[in-house]
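As structure tokens, the structure follows; a few thoughts come after it.
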Amino acid sequence: MLMTPTVQAISSDYWENDLQMSTEPWLPRCADGTFMCSWIDGLSRRRLTVLRSLLGRNGGATLAEQREDLRAVRAEVATFYPVERFAFKRSKFATLDYARAVLDEGILEMCRINETEYDTTSLLFALFRTDPKHLITVFHLEKVHTNGFARMKLKGDARAPLEPFKRFLTPEVVRGMLADFDAKCRDGRVSEFKSIVSHGRHHLLFVRRENRRSMVIKANQSIHAFTPEWIVLDFQDNAKGVDIASKSTKVPAILANRLASLYFGKTCEYENDIQVTYRAQIKSLLDDLVGDRCQFLSLLDVAVRNSPLDGAPLLRISSEDGGSIAEGVRHFERAVGSILTDLQLVSEIRVLYAGKRLKLTLESLPSVKDGYVVRYTDSTLNASERQAFETAIGGKPYGIRALSTEKQDRK
């Protein structure tokens, strides 16, 4: 049986630094026997069952006896209380996606609510019990599912070394690169390696960097420091491509370029990916949206410049209740005039996909006749939903290669 670490055995650095969670007042409560007994009494039946299984407790036939059995080992149970606090507002998808790869079917079933839902807190209890480092991985992977990613590709040609990128990308290589960058950058900020997570052909690098200067007040004292920025570099195709999630645009691209240069043994640079979609493809999608014929999208909002109304003002037709505006657009075009014929006048459209609102924008490509880049707000969807959306819109009959609205080079 696995031994659950005590609260005292896990340093506050684990909670405050690795998980960015305040220990006040949560950790002091773990030492309060009265509070812990009350917490055990308030556990749902599912969480009670999961904890008893994780701790190997078999005593007690009734629910009251089972709670009493856990109260007898409340010092061991106390370790899970901060996990419950960590679980607050955690991404359900990120937690379940990782748990499925780590936990056995038996414990997953204990955490199941119904056919599609699982109790996130119970899953995190089980992950923590297996290895406290699993919570750090969940904390990192959550950023993949809740942030938009700028899609980048390597500029020019570069011959891949014999060594696979997965083997090259090690903590030692990353730490060395970050230390060299910080020393040469000389802006007073520190770039900290946090983790590398490999998934198939994707190799995710998580870096935390001091970003903007800020001040907080604690116990009437001013603390001057930096707010953190999380940089996620998702390398693919042996580093021929990288997706970047970040607040800033300059430094993350430089870090990706430096790692690629080290790997390929030559100066490398990533640039924004460009996938051309032609006017006819976009018109086919818009016609189906307006005609309520698209099987996986419905039209919620349209904004156009230079509308056919007198004076050519900006026009927006929208729905606040999630209902399709297709009928309203058809009526407007019959009564006043077309608003979707000239794609360069379309500011944006919003659609409903899998119950979520997505913004689509059309980026004209002057170098390609009738060419556009179609972008969407991928941060609204989790990673699996993004893949499903891009597959659906990229398949027949539209063939549209949708990219994120996020870009690193925003010139």
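By convention here, the chains of the structure tokens are called A, B, ... in the order presented, each chain's residues are numbered starting at 1, and ligands are numbered starting at 1 in the order presented.
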
Checklist line | Long-range neighbours of Ala160 of chain A as a PyMOL selection string, 10 Å cut-off, only C-alpha atoms, 6 positions minimum in chain | finding: chain A and resi 237-240+263-265

Same residues, C-alpha atoms, output as a tab-separated table (two decimals), in the first residue's frame:
```tsv
chain	number	residue	atom	x	y	z
A	237	ASP	CA	7.16	17.48	-35.90
A	238	ASN	CA	10.68	17.28	-34.48
A	239	ALA	CA	10.68	21.04	-33.75
A	240	LYS	CA	9.68	21.99	-37.32
A	263	TYR	CA	18.83	21.50	-31.75
A	264	PHE	CA	19.42	22.06	-35.47
A	265	GLY	CA	22.94	23.44	-34.96
```

Item checked: atom CA of Met21 of chain A to atom CA of Tyr98 of chain A, distance in Å rounded to a single decimal -> 20.2 Å

Item checked: Spatial neighbours of segment 355-362 of chain A, 6 Å, only C-alpha atoms, chain gap at least 4 places, as a list of chain:residue names ->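 Near neighbours after the sequence-gap exclusion: A:Glu348, A:Ile349, A:Arg350, A:Val351, A:Val373, A:Val374, A:Arg375, A:Tyr376, A:Thr377.
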
With C-alpha atoms retained, write the just-selected residues as a PDB file, in the first residue's frame.
```
ATOM      1  CA  GLU A 348     -16.004  39.201 -37.556  1.00  0.00           C
ATOM      2  CA  ILE A 349     -18.634  36.559 -37.119  1.00  0.00           C
ATOM      3  CA  ARG A 350     -19.484  34.544 -34.027  1.00  0.00           C
ATOM      4  CA  VAL A 351     -20.724  30.986 -34.144  1.00  0.00           C
ATOM      5  CA  VAL A 373      -6.458  33.273 -43.294  1.00  0.00           C
ATOM      6  CA  VAL A 374      -9.404  32.146 -41.170  1.00  0.00           C
ATOM      7  CA  ARG A 375      -8.725  32.514 -37.450  1.00  0.00           C
ATOM      8  CA  TYR A 376     -10.797  31.561 -34.416  1.00  0.00           C
ATOM      9  CA  THR A 377     -10.614  32.024 -30.639  1.00  0.00           C
TER      10      THR A 377
END
```

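When only C-alpha atoms are used to compute distances to Ile244 of chain A, the closest of the residues A:Ala260, A:Leu123, A:Ala383, A:Ala150 turns out to be A:Ala150.
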
Notebook entry, point to check: How many Å lie between atom CA of Ala94 of chain A and atom CA of Arg112 of chain A, rounded to one decimal?
Noted result: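 Atom CA of Arg112 of chain A lies at a distance of 15.5 Å from atom CA of Ala94 of chain A.
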
Check: Can you tell me, as a list in words, what residues are no more than 12 Å from Pro366 of chain A when counting only C-alpha atoms, ignoring any on the same chain fewer than 6 positions away?
Finding: Val276, Gln344, Tyr372 and Val373 of chain A

7 Å contact set for segment 288-301 of chain A, only C-alpha atoms, chain neighbours under 6 positions out, as a compact mmCIF listing (two decimals) with C-alpha atoms, in the first residue's frame:
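Writing the result to part_26.txt gives the following:
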```
# COMPACT_ATOMS: atom_id res chain seq x y z
CA ILE A 317 -26.65 41.66 -36.02
CA SER A 318 -26.38 39.53 -32.91
CA SER A 319 -28.10 37.13 -30.56
CA GLY A 322 -27.54 31.73 -28.05
CA GLY A 323 -30.18 31.48 -30.79
CA SER A 324 -29.31 31.54 -34.47
CA ILE A 325 -29.56 34.89 -36.27
CA ALA A 326 -29.69 33.23 -39.69
CA VAL A 329 -29.77 38.00 -41.70
CA ARG A 330 -31.87 36.53 -44.51
CA ILE A 349 -18.63 36.56 -37.12
CA ARG A 350 -19.48 34.54 -34.03
CA VAL A 351 -20.72 30.99 -34.14
CA LEU A 352 -21.93 28.40 -31.66
CA TYR A 353 -19.87 25.20 -31.55
```

Next item on the list: Enter the distance from atom CA of Arg47 of chain A to atom CA of Val197 of chain A, in Å, rounded to one decimal.
Entry: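 Between these atoms lies a distance of 28.7 Å.
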
Margin query: Give me the residues near segment 130-147 of chain A as a PyMOL selection string, where near means some atom within 10 Å (using only C-alpha atoms) and where sequence neighbours in that chain fewer than 4 positions away do not count.
Written below: chain A and resi 2-5+10+14-15+18-20+54+83+86-87+90-99+102-103+124-126+194-197+204-207+230-234+244-247+377-386+406

Give me a file of those residues, with C-alpha atoms, as a CSV table (one decimal), in the first residue's frame.
```
chain,number,residue,atom,x,y,z
A,2,LEU,CA,1.3,3.5,-0.9
A,3,MET,CA,2.1,5.7,2.1
A,4,THR,CA,0.4,9.1,2.1
A,5,PRO,CA,2.9,11.9,3.0
A,10,ILE,CA,5.4,18.3,2.1
A,14,TYR,CA,5.1,22.7,-3.0
A,15,TRP,CA,1.8,24.5,-2.4
A,18,ASP,CA,4.8,24.8,-7.5
A,19,LEU,CA,1.0,25.1,-7.3
A,20,GLN,CA,0.8,28.9,-6.7
A,54,LEU,CA,-6.9,5.3,-1.0
A,83,VAL,CA,-5.8,19.1,-2.2
A,86,PHE,CA,-6.3,23.2,-4.8
A,87,ALA,CA,-9.2,21.6,-6.6
A,90,ARG,CA,-9.5,23.5,-11.5
A,91,SER,CA,-10.1,22.6,-15.1
A,92,LYS,CA,-12.3,19.5,-15.1
A,93,PHE,CA,-11.1,18.5,-18.6
A,94,ALA,CA,-7.4,18.8,-17.8
A,95,THR,CA,-7.8,16.9,-14.6
A,96,LEU,CA,-9.7,14.0,-16.2
A,97,ASP,CA,-7.5,13.9,-19.3
A,98,TYR,CA,-4.4,13.4,-17.2
A,99,ALA,CA,-6.1,11.1,-14.6
A,102,VAL,CA,-2.3,7.7,-14.8
A,103,LEU,CA,-5.0,6.1,-12.6
A,124,LEU,CA,-7.1,14.9,-7.5
A,125,PHE,CA,-7.2,13.0,-4.2
A,126,ALA,CA,-6.2,9.9,-6.2
A,194,LYS,CA,9.2,24.2,-14.6
A,195,SER,CA,8.5,21.0,-16.5
A,196,ILE,CA,8.5,19.1,-19.8
A,197,VAL,CA,5.5,16.9,-20.7
A,204,LEU,CA,5.4,20.7,-24.1
A,205,LEU,CA,7.8,23.0,-22.3
A,206,PHE,CA,6.6,25.1,-19.3
A,207,VAL,CA,8.6,28.1,-18.3
A,230,TRP,CA,3.6,31.4,-18.0
A,231,ILE,CA,5.1,30.5,-21.3
A,232,VAL,CA,4.1,27.2,-22.9
A,233,LEU,CA,6.0,26.0,-25.9
A,234,ASP,CA,4.4,23.1,-27.7
A,244,ILE,CA,3.2,29.3,-28.2
A,245,ALA,CA,0.9,30.3,-25.3
A,246,SER,CA,2.0,33.5,-23.5
A,247,LYS,CA,1.0,37.0,-22.5
A,377,THR,CA,-10.6,32.0,-30.6
A,378,ASP,CA,-9.1,28.6,-29.7
A,379,SER,CA,-8.8,29.6,-26.1
A,380,THR,CA,-12.6,29.1,-25.7
A,381,LEU,CA,-12.1,25.3,-26.4
A,382,ASN,CA,-10.1,22.7,-24.7
A,383,ALA,CA,-7.4,20.8,-26.7
A,384,SER,CA,-9.7,18.0,-27.8
A,385,GLU,CA,-12.5,20.4,-28.8
A,386,ARG,CA,-10.0,22.4,-30.9
A,406,GLU,CA,-3.2,34.3,-31.3
```

Next item on the list: Mind the document's chain letters and residue numbers, and return as a PyMOL selection string the residues of segment 111-334 of chain A that DSSP labels strand (DSSP E or B).
Entry: chain A and resi 112+118+150-154+191-199+202-218+221-236+241-245+270-272+277-278+298-304+315-318

Next item on the list: Compare A:Arg129, A:Lys396, A:Lys166, A:Lys407 by their minimum atom-to-atom distance to Gly148 of chain A, counting only C-alpha atoms, and give me the closest one.
Entry: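 Among the listed residues, the smallest separation from Gly148 of chain A belongs to A:Lys407.
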
Notebook entry, point to check: With distances taken over only C-alpha atoms, which of A:Glu109, A:Asp41, A:Glu84, A:Asp370 is nearest to Thr277 of chain A?
Noted result: A:Asp370

Item checked: From A:Gln66, A:Ser364, A:Ser284, A:Asn58, residue lying nearest Arg45 of chain A [only C-alpha atoms] ->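 Between A:Gln66, A:Ser364, A:Ser284, A:Asn58, the residue approaching Arg45 of chain A most closely is A:Gln66.
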